[in-house]
>>> print(open('my_file.txt').read())   # compact mmCIF, C-alpha atoms
# COMPACT_ATOMS: atom_id res chain seq x y z
CA MET G 1 70.93 141.92 22.70
CA ASN G 2 73.68 139.36 22.19
CA GLY G 3 75.57 141.88 20.09
CA ALA G 4 77.41 143.26 23.11
CA PHE G 5 78.80 139.85 23.99
CA SER G 6 81.63 137.93 22.40
CA SER G 7 79.58 134.72 22.23
CA PRO G 8 76.22 133.24 23.24
CA CYS G 9 77.95 131.68 26.24
CA ALA G 10 79.24 135.08 27.35
CA GLU G 11 75.69 136.42 27.22
CA LEU G 12 74.45 133.43 29.22
CA ALA G 13 77.23 133.81 31.82
CA ALA G 14 76.31 137.47 32.24
CA ARG G 15 72.79 136.46 33.33
CA SER G 16 74.05 133.63 35.54
CA TYR G 17 74.55 133.63 39.29
CA VAL G 18 76.31 131.31 41.70
CA ALA G 19 75.16 130.78 45.30
CA LEU G 20 77.33 129.08 47.92
CA VAL G 21 74.94 127.77 50.55
CA HIS G 22 75.99 127.24 54.20
CA HIS G 23 72.48 126.24 55.32
CA PRO G 24 70.57 123.98 54.87
CA VAL G 25 73.33 121.44 54.24
CA TYR G 26 74.25 118.07 55.70
CA ASP G 27 77.19 117.31 57.91
CA LYS G 28 79.07 114.02 57.88
CA GLN G 29 76.39 112.36 60.04
CA HIS G 30 73.63 113.53 57.66
CA GLN G 31 72.41 116.10 60.18
CA VAL G 32 71.15 119.43 58.84
CA VAL G 33 73.59 122.12 59.92
CA SER G 34 74.97 125.55 59.10
CA THR G 35 78.63 125.32 58.08
CA SER G 36 81.28 127.92 58.83
CA VAL G 37 82.47 130.38 56.23
CA THR G 38 85.79 129.36 54.60
CA ASN G 39 88.01 132.20 53.44
CA LEU G 40 89.27 130.45 50.31
CA ASP G 41 85.71 129.58 49.23
CA ILE G 42 85.11 133.30 48.94
CA HIS G 43 88.30 134.02 47.01
CA ASP G 44 88.51 130.98 44.73
CA ILE G 45 84.87 130.98 43.66
CA ALA G 46 84.89 134.77 43.15
CA ARG G 47 87.95 134.41 40.90
CA SER G 48 86.29 131.59 38.94
CA CYS G 49 83.06 133.60 38.58
CA CYS G 50 85.03 136.62 37.39
CA THR G 51 86.99 134.51 34.87
CA TYR G 52 83.83 133.04 33.33
CA GLY G 53 81.89 136.32 33.42
CA VAL G 54 79.22 135.23 35.93
CA ALA G 55 77.05 138.18 37.04
CA ARG G 56 77.28 137.69 40.79
CA TYR G 57 78.41 135.28 43.47
CA TYR G 58 76.20 135.01 46.52
CA VAL G 59 77.57 133.77 49.82
CA VAL G 60 74.45 132.59 51.68
CA HIS G 61 74.53 132.23 55.45
CA PRO G 62 71.68 132.48 58.00
CA VAL G 63 73.98 133.49 60.89
CA SER G 64 74.57 137.22 61.17
CA ALA G 65 78.07 136.89 62.71
CA GLN G 66 79.16 134.71 59.79
CA ARG G 67 77.79 137.20 57.26
CA GLN G 68 79.69 139.95 59.09
CA LEU G 69 82.86 137.87 58.83
CA VAL G 70 82.43 137.66 55.05
CA GLN G 71 81.85 141.42 54.89
CA ARG G 72 85.01 141.99 56.92
CA ILE G 73 87.03 139.86 54.51
CA LEU G 74 85.52 141.69 51.53
CA GLY G 75 86.20 145.05 53.20
CA TYR G 76 89.87 144.20 53.70
CA TRP G 77 90.32 143.84 49.94
CA ASP G 78 87.86 146.55 48.90
CA ASP G 79 88.89 149.57 50.94
CA GLY G 80 91.20 148.08 53.60
CA PRO G 81 94.91 147.21 53.53
CA GLY G 82 94.42 144.68 50.73
CA GLN G 83 93.24 147.34 48.29
CA GLN G 84 96.75 148.31 47.17
CA GLN G 85 98.19 144.88 47.58
CA ASN G 86 96.65 142.81 44.89
CA ASP G 87 94.02 144.38 42.71
CA PHE G 88 93.03 141.22 40.83
CA ARG G 89 91.50 139.95 44.07
CA ARG G 90 89.58 143.18 44.52
CA THR G 91 88.14 142.93 41.00
CA ALA G 92 86.89 139.40 41.67
CA LEU G 93 85.54 140.10 45.14
CA ALA G 94 83.56 143.08 43.83
CA ARG G 95 80.99 140.60 42.51
CA VAL G 96 80.44 138.88 45.87
CA CYS G 97 77.14 139.55 47.67
CA VAL G 98 76.18 138.29 51.11
CA GLN G 99 72.64 136.99 51.67
CA CYS G 100 70.88 135.39 54.63
CA SER G 101 68.78 132.86 52.69
CA MET G 102 68.06 131.39 49.29
CA GLU G 103 64.70 133.18 49.30
CA GLN G 104 66.48 136.52 49.66
CA THR G 105 68.98 135.51 46.99
CA ILE G 106 66.27 134.63 44.48
CA GLU G 107 64.35 137.81 45.35
CA SER G 108 67.39 139.94 44.64
CA ILE G 109 67.82 138.31 41.21
CA VAL G 110 64.13 138.83 40.42
CA ASP G 111 64.48 142.50 41.45
CA GLU G 112 67.41 142.89 39.10
CA ARG G 113 66.21 140.82 36.13
CA GLY G 114 62.43 141.06 36.35
CA GLN G 115 62.03 137.31 36.11
CA GLN G 116 62.53 134.18 38.17
CA PRO G 117 65.89 132.50 37.70
CA MET G 118 66.09 128.83 36.84
CA VAL G 119 67.41 127.45 40.15
CA VAL G 120 69.78 124.55 39.51
CA GLY G 121 71.12 122.45 42.37
CA THR G 122 74.31 120.43 42.42
CA THR G 123 75.00 117.15 44.15
CA ALA G 124 77.48 114.30 44.28
CA ARG G 125 74.64 111.76 44.68
CA LEU G 126 71.43 111.96 42.67
CA SER G 127 67.94 111.13 43.93
CA PRO G 128 65.66 109.18 41.58
CA SER G 129 63.27 112.14 41.44
CA ASP G 130 65.84 114.66 40.27
CA ARG G 131 65.30 116.41 36.96
CA VAL G 132 68.87 116.01 35.81
CA PHE G 133 70.65 118.06 33.15
CA SER G 134 74.12 117.56 31.74
CA ALA G 135 76.03 120.83 31.48
CA PRO G 136 75.65 121.01 27.66
CA ALA G 137 71.91 120.25 27.94
CA LEU G 138 71.42 122.95 30.56
CA ARG G 139 73.37 125.44 28.48
CA THR G 140 71.31 124.65 25.36
CA LYS G 141 68.08 125.03 27.32
CA LEU G 142 69.08 128.39 28.78
CA LEU G 143 70.54 129.76 25.54
CA ASP G 144 67.07 129.34 24.07
CA GLY G 145 65.61 132.18 26.15
CA THR G 146 66.52 134.99 28.48
CA ARG G 147 65.92 133.38 31.86
CA PRO G 148 68.67 133.91 34.43
CA LEU G 149 70.46 130.89 35.90
CA LEU G 150 71.12 130.47 39.61
CA LEU G 151 73.62 127.65 40.16
CA VAL G 152 73.51 126.47 43.77
CA MET G 153 76.57 124.90 45.38
CA GLY G 154 76.40 123.27 48.83
CA THR G 155 79.08 123.34 51.50
CA GLY G 156 79.60 120.59 54.10
CA TRP G 157 78.26 117.25 52.89
CA GLY G 158 75.89 118.79 50.39
CA LEU G 159 72.52 120.45 49.94
CA THR G 160 69.62 118.81 51.80
CA ASP G 161 67.00 116.66 50.09
CA ASP G 162 64.32 119.15 51.21
CA PHE G 163 66.16 121.97 49.48
CA MET G 164 66.83 119.87 46.38
CA ALA G 165 63.08 119.16 46.13
CA THR G 166 62.51 122.88 45.53
CA VAL G 167 64.92 123.44 42.62
CA ASP G 168 64.05 123.61 38.92
CA GLY G 169 66.78 121.20 37.89
CA VAL G 170 69.92 119.40 39.01
CA LEU G 171 73.27 119.27 37.24
CA GLU G 172 74.55 115.74 36.80
CA PRO G 173 77.26 114.95 39.34
CA LEU G 174 80.86 115.43 38.28
CA GLN G 175 82.42 112.07 37.76
CA GLY G 176 86.06 111.57 36.99
CA GLN G 177 87.78 108.27 36.32
CA ALA G 178 87.54 106.91 39.85
CA PRO G 179 84.79 105.90 42.29
CA TYR G 180 86.11 108.70 44.53
CA ASN G 181 84.02 111.86 44.11
CA HIS G 182 85.01 114.24 46.86
CA LEU G 183 85.98 117.37 45.00
CA SER G 184 86.20 120.52 47.08
CA VAL G 185 83.32 122.92 46.46
CA ARG G 186 85.93 125.34 45.06
CA SER G 187 87.09 122.81 42.48
CA ALA G 188 83.57 121.60 41.64
CA THR G 189 82.36 125.16 41.03
CA ALA G 190 85.34 125.90 38.77
CA ILE G 191 84.72 122.76 36.69
CA LEU G 192 80.98 123.42 36.35
CA LEU G 193 81.54 127.02 35.23
CA ASP G 194 84.04 125.76 32.66
CA ARG G 195 81.61 123.12 31.40
CA LEU G 196 78.73 125.60 31.20
CA PHE G 197 80.43 128.68 29.80
CA ALA G 198 83.61 127.73 27.95
CA GLU G 199 82.48 125.22 25.38
CA GLU G 200 84.40 127.03 22.64
CA ASN G 201 87.57 125.69 24.22
CA ARG G 202 86.47 122.09 24.02
CA THR G 203 87.53 121.24 20.51
CA MET Y 204 96.46 96.80 28.64
CA ASN Y 205 93.48 99.10 28.48
CA GLY Y 206 91.24 96.22 29.47
CA ALA Y 207 91.60 96.97 33.16
CA PHE Y 208 90.34 100.54 32.70
CA SER Y 209 86.82 101.79 32.17
CA SER Y 210 87.86 104.01 29.27
CA PRO Y 211 90.93 105.17 27.32
CA CYS Y 212 90.87 108.37 29.41
CA ALA Y 213 91.00 106.34 32.63
CA GLU Y 214 94.07 104.54 31.31
CA LEU Y 215 95.65 107.87 30.38
CA ALA Y 216 94.84 109.39 33.80
CA ALA Y 217 96.47 106.40 35.49
CA ARG Y 218 99.78 107.20 33.76
CA SER Y 219 99.45 110.96 34.40
CA TYR Y 220 101.09 113.00 37.14
CA VAL Y 221 100.54 116.51 38.45
CA ALA Y 222 103.35 118.65 39.89
CA LEU Y 223 102.70 121.80 41.89
CA VAL Y 224 105.86 123.87 41.63
CA HIS Y 225 106.90 126.40 44.30
CA HIS Y 226 110.20 127.23 42.60
CA PRO Y 227 111.14 128.55 40.09
CA VAL Y 228 108.08 130.81 39.84
CA TYR Y 229 107.56 134.55 39.52
CA ASP Y 230 106.22 136.84 42.18
CA LYS Y 231 104.08 139.89 41.45
CA GLN Y 232 107.17 141.94 40.52
CA HIS Y 233 108.34 139.24 38.08
CA GLN Y 234 111.17 138.22 40.42
CA VAL Y 235 112.04 134.54 40.60
CA VAL Y 236 111.09 133.27 44.05
CA SER Y 237 110.10 130.23 46.08
CA THR Y 238 106.51 130.52 47.28
CA SER Y 239 105.18 129.21 50.58
CA VAL Y 240 103.22 126.00 50.80
CA THR Y 241 99.43 126.55 51.00
CA ASN Y 242 97.46 123.96 52.95
CA LEU Y 243 94.43 123.98 50.66
CA ASP Y 244 96.62 123.52 47.56
CA ILE Y 245 97.60 120.17 49.01
CA HIS Y 246 94.04 119.11 49.85
CA ASP Y 247 92.12 120.47 46.88
CA ILE Y 248 94.53 119.28 44.20
CA ALA Y 249 94.89 115.87 45.87
CA ARG Y 250 91.09 115.52 45.87
CA SER Y 251 90.89 116.55 42.20
CA CYS Y 252 93.70 114.12 41.26
CA CYS Y 253 91.95 111.33 43.13
CA THR Y 254 88.62 112.10 41.46
CA TYR Y 255 90.13 111.96 37.96
CA GLY Y 256 92.33 108.95 38.68
CA VAL Y 257 95.69 110.70 38.31
CA ALA Y 258 98.59 108.46 39.41
CA ARG Y 259 100.35 110.88 41.72
CA TYR Y 260 100.45 114.50 42.82
CA TYR Y 261 103.90 115.94 43.49
CA VAL Y 262 104.33 118.96 45.73
CA VAL Y 263 107.71 120.37 44.64
CA HIS Y 264 109.64 122.66 46.97
CA PRO Y 265 113.41 123.29 47.21
CA VAL Y 266 113.26 124.37 50.89
CA SER Y 267 113.57 121.52 53.34
CA ALA Y 268 111.47 123.20 56.07
CA GLN Y 269 108.62 123.68 53.61
CA ARG Y 270 108.79 120.04 52.53
CA GLN Y 271 108.71 119.04 56.20
CA LEU Y 272 105.60 121.19 56.65
CA VAL Y 273 103.87 119.29 53.84
CA GLN Y 274 104.91 115.98 55.40
CA ARG Y 275 103.51 117.13 58.73
CA ILE Y 276 100.17 117.97 57.15
CA LEU Y 277 100.11 114.62 55.33
CA GLY Y 278 101.04 112.83 58.57
CA TYR Y 279 98.15 114.45 60.43
CA TRP Y 280 95.66 112.84 58.03
CA ASP Y 281 97.59 109.62 57.43
CA ASP Y 282 98.37 108.35 60.92
CA GLY Y 283 97.66 111.39 63.13
CA PRO Y 284 94.42 112.72 64.64
CA GLY Y 285 92.85 113.28 61.21
CA GLN Y 286 92.95 109.58 60.37
CA GLN Y 287 89.64 108.78 62.07
CA GLN Y 288 88.08 112.13 61.30
CA ASN Y 289 87.55 112.15 57.60
CA ASP Y 290 88.80 109.24 55.59
CA PHE Y 291 88.03 110.69 52.17
CA ARG Y 292 90.84 113.17 52.78
CA ARG Y 293 93.22 110.41 53.73
CA THR Y 294 92.44 108.52 50.53
CA ALA Y 295 93.23 111.57 48.42
CA LEU Y 296 96.34 112.59 50.33
CA ALA Y 297 97.78 109.07 49.97
CA ARG Y 298 98.76 109.99 46.40
CA VAL Y 299 100.72 113.11 47.38
CA CYS Y 300 104.53 112.93 47.13
CA VAL Y 301 106.95 115.63 48.19
CA GLN Y 302 109.94 116.38 45.96
CA CYS Y 303 112.72 118.96 46.10
CA SER Y 304 112.98 119.69 42.36
CA MET Y 305 111.45 119.01 38.97
CA GLU Y 306 114.52 116.95 38.08
CA GLN Y 307 113.85 114.65 41.04
CA THR Y 308 110.17 114.52 40.12
CA ILE Y 309 110.88 113.46 36.55
CA GLU Y 310 113.48 110.95 37.73
CA SER Y 311 110.96 109.32 40.06
CA ILE Y 312 108.48 108.95 37.18
CA VAL Y 313 111.17 107.45 34.95
CA ASP Y 314 112.06 105.01 37.72
CA GLU Y 315 108.43 103.95 37.99
CA ARG Y 316 107.46 103.91 34.32
CA GLY Y 317 110.70 103.18 32.54
CA GLN Y 318 110.27 106.10 30.17
CA GLN Y 319 110.45 109.88 30.16
CA PRO Y 320 107.14 111.59 30.80
CA MET Y 321 105.87 114.25 28.41
CA VAL Y 322 106.34 117.37 30.56
CA VAL Y 323 103.55 119.86 29.90
CA GLY Y 324 103.65 123.34 31.39
CA THR Y 325 100.70 125.60 32.11
CA THR Y 326 100.51 129.37 31.90
CA ALA Y 327 98.05 132.23 31.84
CA ARG Y 328 100.15 134.06 29.20
CA LEU Y 329 101.73 132.29 26.25
CA SER Y 330 105.13 133.04 24.75
CA PRO Y 331 105.38 133.02 20.94
CA SER Y 332 107.79 130.10 21.09
CA ASP Y 333 105.49 127.83 23.07
CA ARG Y 334 104.45 124.50 21.54
CA VAL Y 335 100.83 124.86 22.51
CA PHE Y 336 98.28 122.08 22.81
CA SER Y 337 94.57 122.35 23.51
CA ALA Y 338 93.41 119.82 26.12
CA PRO Y 339 91.70 117.59 23.49
CA ALA Y 340 94.78 117.73 21.23
CA LEU Y 341 97.07 116.78 24.10
CA ARG Y 342 94.75 113.95 25.10
CA THR Y 343 94.64 112.60 21.52
CA LYS Y 344 98.43 112.77 21.24
CA LEU Y 345 98.95 110.90 24.52
CA LEU Y 346 96.23 108.30 23.91
CA ASP Y 347 98.23 107.29 20.84
CA GLY Y 348 101.03 105.75 22.90
CA THR Y 349 102.05 104.79 26.39
CA ARG Y 350 104.10 107.80 27.45
CA PRO Y 351 103.31 109.20 30.90
CA LEU Y 352 102.13 112.80 31.25
CA LEU Y 353 103.52 115.21 33.81
CA LEU Y 354 101.29 118.28 34.05
CA VAL Y 355 103.13 121.14 35.73
CA MET Y 356 101.23 123.83 37.63
CA GLY Y 357 102.96 126.97 38.93
CA THR Y 358 102.21 128.77 42.17
CA GLY Y 359 102.73 132.50 42.73
CA TRP Y 360 102.59 134.42 39.44
CA GLY Y 361 103.43 131.41 37.34
CA LEU Y 362 106.27 129.22 36.07
CA THR Y 363 109.37 131.07 34.85
CA ASP Y 364 110.23 131.50 31.18
CA ASP Y 365 113.45 129.56 31.77
CA PHE Y 366 111.49 126.62 33.11
CA MET Y 367 108.89 126.86 30.33
CA ALA Y 368 111.71 126.66 27.76
CA THR Y 369 112.49 123.15 29.03
CA VAL Y 370 109.04 121.57 28.73
CA ASP Y 371 107.78 119.34 25.92
CA GLY Y 372 104.55 121.27 25.47
CA VAL Y 373 102.27 123.91 26.96
CA LEU Y 374 98.54 123.67 27.56
CA GLU Y 375 96.64 126.59 26.11
CA PRO Y 376 95.67 129.05 28.84
CA LEU Y 377 92.21 128.72 30.34
CA GLN Y 378 90.06 131.51 29.06
CA GLY Y 379 86.58 132.17 30.28
CA GLN Y 380 84.22 134.87 29.04
CA ALA Y 381 86.10 137.81 30.52
CA PRO Y 382 89.51 139.44 30.09
CA TYR Y 383 90.12 138.51 33.74
CA ASN Y 384 92.17 135.30 33.98
CA HIS Y 385 93.26 134.95 37.58
CA LEU Y 386 91.99 131.54 38.53
CA SER Y 387 93.49 130.04 41.66
CA VAL Y 388 95.93 127.21 40.96
CA ARG Y 389 93.45 124.91 42.74
CA SER Y 390 90.65 125.86 40.34
CA ALA Y 391 92.87 125.82 37.25
CA THR Y 392 94.15 122.32 38.06
CA ALA Y 393 90.60 121.04 38.59
CA ILE Y 394 89.44 122.44 35.25
CA LEU Y 395 92.45 121.07 33.34
CA LEU Y 396 91.99 117.58 34.81
CA ASP Y 397 88.33 117.72 33.81
CA ARG Y 398 89.19 118.83 30.28
CA LEU Y 399 91.87 116.17 29.89
CA PHE Y 400 90.26 113.16 31.52
CA ALA Y 401 86.45 113.53 31.53
CA GLU Y 402 85.56 114.07 27.91
CA GLU Y 403 82.80 111.47 28.10
CA ASN Y 404 80.82 113.95 30.15
CA ARG Y 405 80.98 116.68 27.54
CA THR Y 406 78.07 115.71 25.39
>>> encode(input="my_file.txt", output="structure tokens")
Amino acid sequence: MNGAFSSPCAELAARSYVALVHHPVYDKQHQVVSTSVTNLDIHDIARSCCTYGVARYYVVHPVSAQRQLVQRILGYWDDGPGQQQNDFRRTALARVCVQCSMEQTIESIVDERGQQPMVVGTTARLSPSDRVFSAPALRTKLLDGTRPLLLVMGTGWGLTDDFMATVDGVLEPLQGQAPYNHLSVRSATAILLDRLFAEENRT
Amino acid sequence: MNGAFSSPCAELAARSYVALVHHPVYDKQHQVVSTSVTNLDIHDIARSCCTYGVARYYVVHPVSAQRQLVQRILGYWDDGPGQQQNDFRRTALARVCVQCSMEQTIESIVDERGQQPMVVGTTARLSPSDRVFSAPALRTKLLDGTRPLLLVMGTGWGLTDDFMATVDGVLEPLQGQAPYNHLSVRSATAILLDRLFAEENRT
């Protein structure tokens, strides 16, 4: 099966999914909220997913008007005025799907793949109970099998503890050289995809 | 000298600089242009630089009105209404400097450090003449010395060939698992900083 792919990581990326979750997430005051859709989250993460060969990028929002906004943005580039303007955006946005919940997102992966994905949360602050994987450890685990990966990114001030209690694993927080760890979700997703799927470029 | 830093990479990051260049870059038709400032380029790259401990992030634009726009955005978060709103942005934006040219940028680093930085360009498409470094090779080279690094990121459709002919080295293009390589400059910068300065997290 791997024969069609240029590397084991390419095969893994092709059965991997990214979800950008707008609810349930925390706001600055640690209240559970639904965040607004951000245009550049759609574009930047779609372009990163396309670069690393990720199967699909789910934008998850419980509010119908916000999902319609995402569809309008996608429509602009798919068959609207943007179509002729800049086709590399269109290529990337073609792998964006809009979903109303994580349950629906997981169901759609199960429908497509015939098995449950390994749902992996991300956080900037670990809980003691988290089953934490480094990116290389997660990659090794997933390469030894055929299970799809669903990498879950939170907007706002991060995924809620209740949600994190439901995931199969947590990626260790990105840590640079400083105590500061406030990467944008766009940057954090790009770095995690690079760590998971581009290890050939490390040496 | 390294004693004050948590690792050799932290010491290297602290003498490293990022420049986001708006001119000279190509547009889609391969014309040399000046691109417009993008608000989220300022924020996202400042947050990535802060996370990885980079000394300073230069936004380089030859047009005075565009430089003023950047200063206005910085002012909003520094001593304007944004100051109370979200202090992690303010922390990151404190290391942003606005410059009118690469010459001025290099001069300001020389003034600060007393030596020429190694100027390293980035590109999605190499020229045969490029002196190419992988991220680990560049890191190893710089760790063996005290020379500052200036990592140059292009907006639009990338840094011009004329500019690239002046640099001391070029980082190998980021390549994922797909022929598609249209990362946003925000994502590409984040990944390169991670590859250069966070190698402890690789294993």
>>> interface_residues(input="my_file.txt", of="chain Y", to="chain G", cutoff="8 Å", atoms="only C-alpha atoms", output="MDAnalysis selection string")
chainID Y and resid 209 212:213 216 247 250:251 253:256 291 337:339 378:387 389:391 393:394 397:398 400:401 404:406
>>> atom_distance(input="my_file.txt", atom1="CA of Thr146 (chain G)", atom2="CA of Ser127 (chain G)")
28.5 Å
>>> residues_around(input="my_file.txt", residues="region 300-307 of chain Y", least_positions_apart="6", cutoff="12 Å", atoms="only C-alpha atoms", output="number ranges by chain")
Y: 220-227, 237, 240, 245, 249, 258-278, 313-314, 319-320, 322, 324, 353-357, 362, 366-367, 369-370
>>> atom_distance(input="my_file.txt", atom1="CA of Arg95 (chain G)", atom2="CA of Arg15 (chain G)")
13.0 Å
>>> atom_distance(input="my_file.txt", atom1="CA of Gly348 (chain Y)", atom2="CA of Ala368 (chain Y)")
24.0 Å
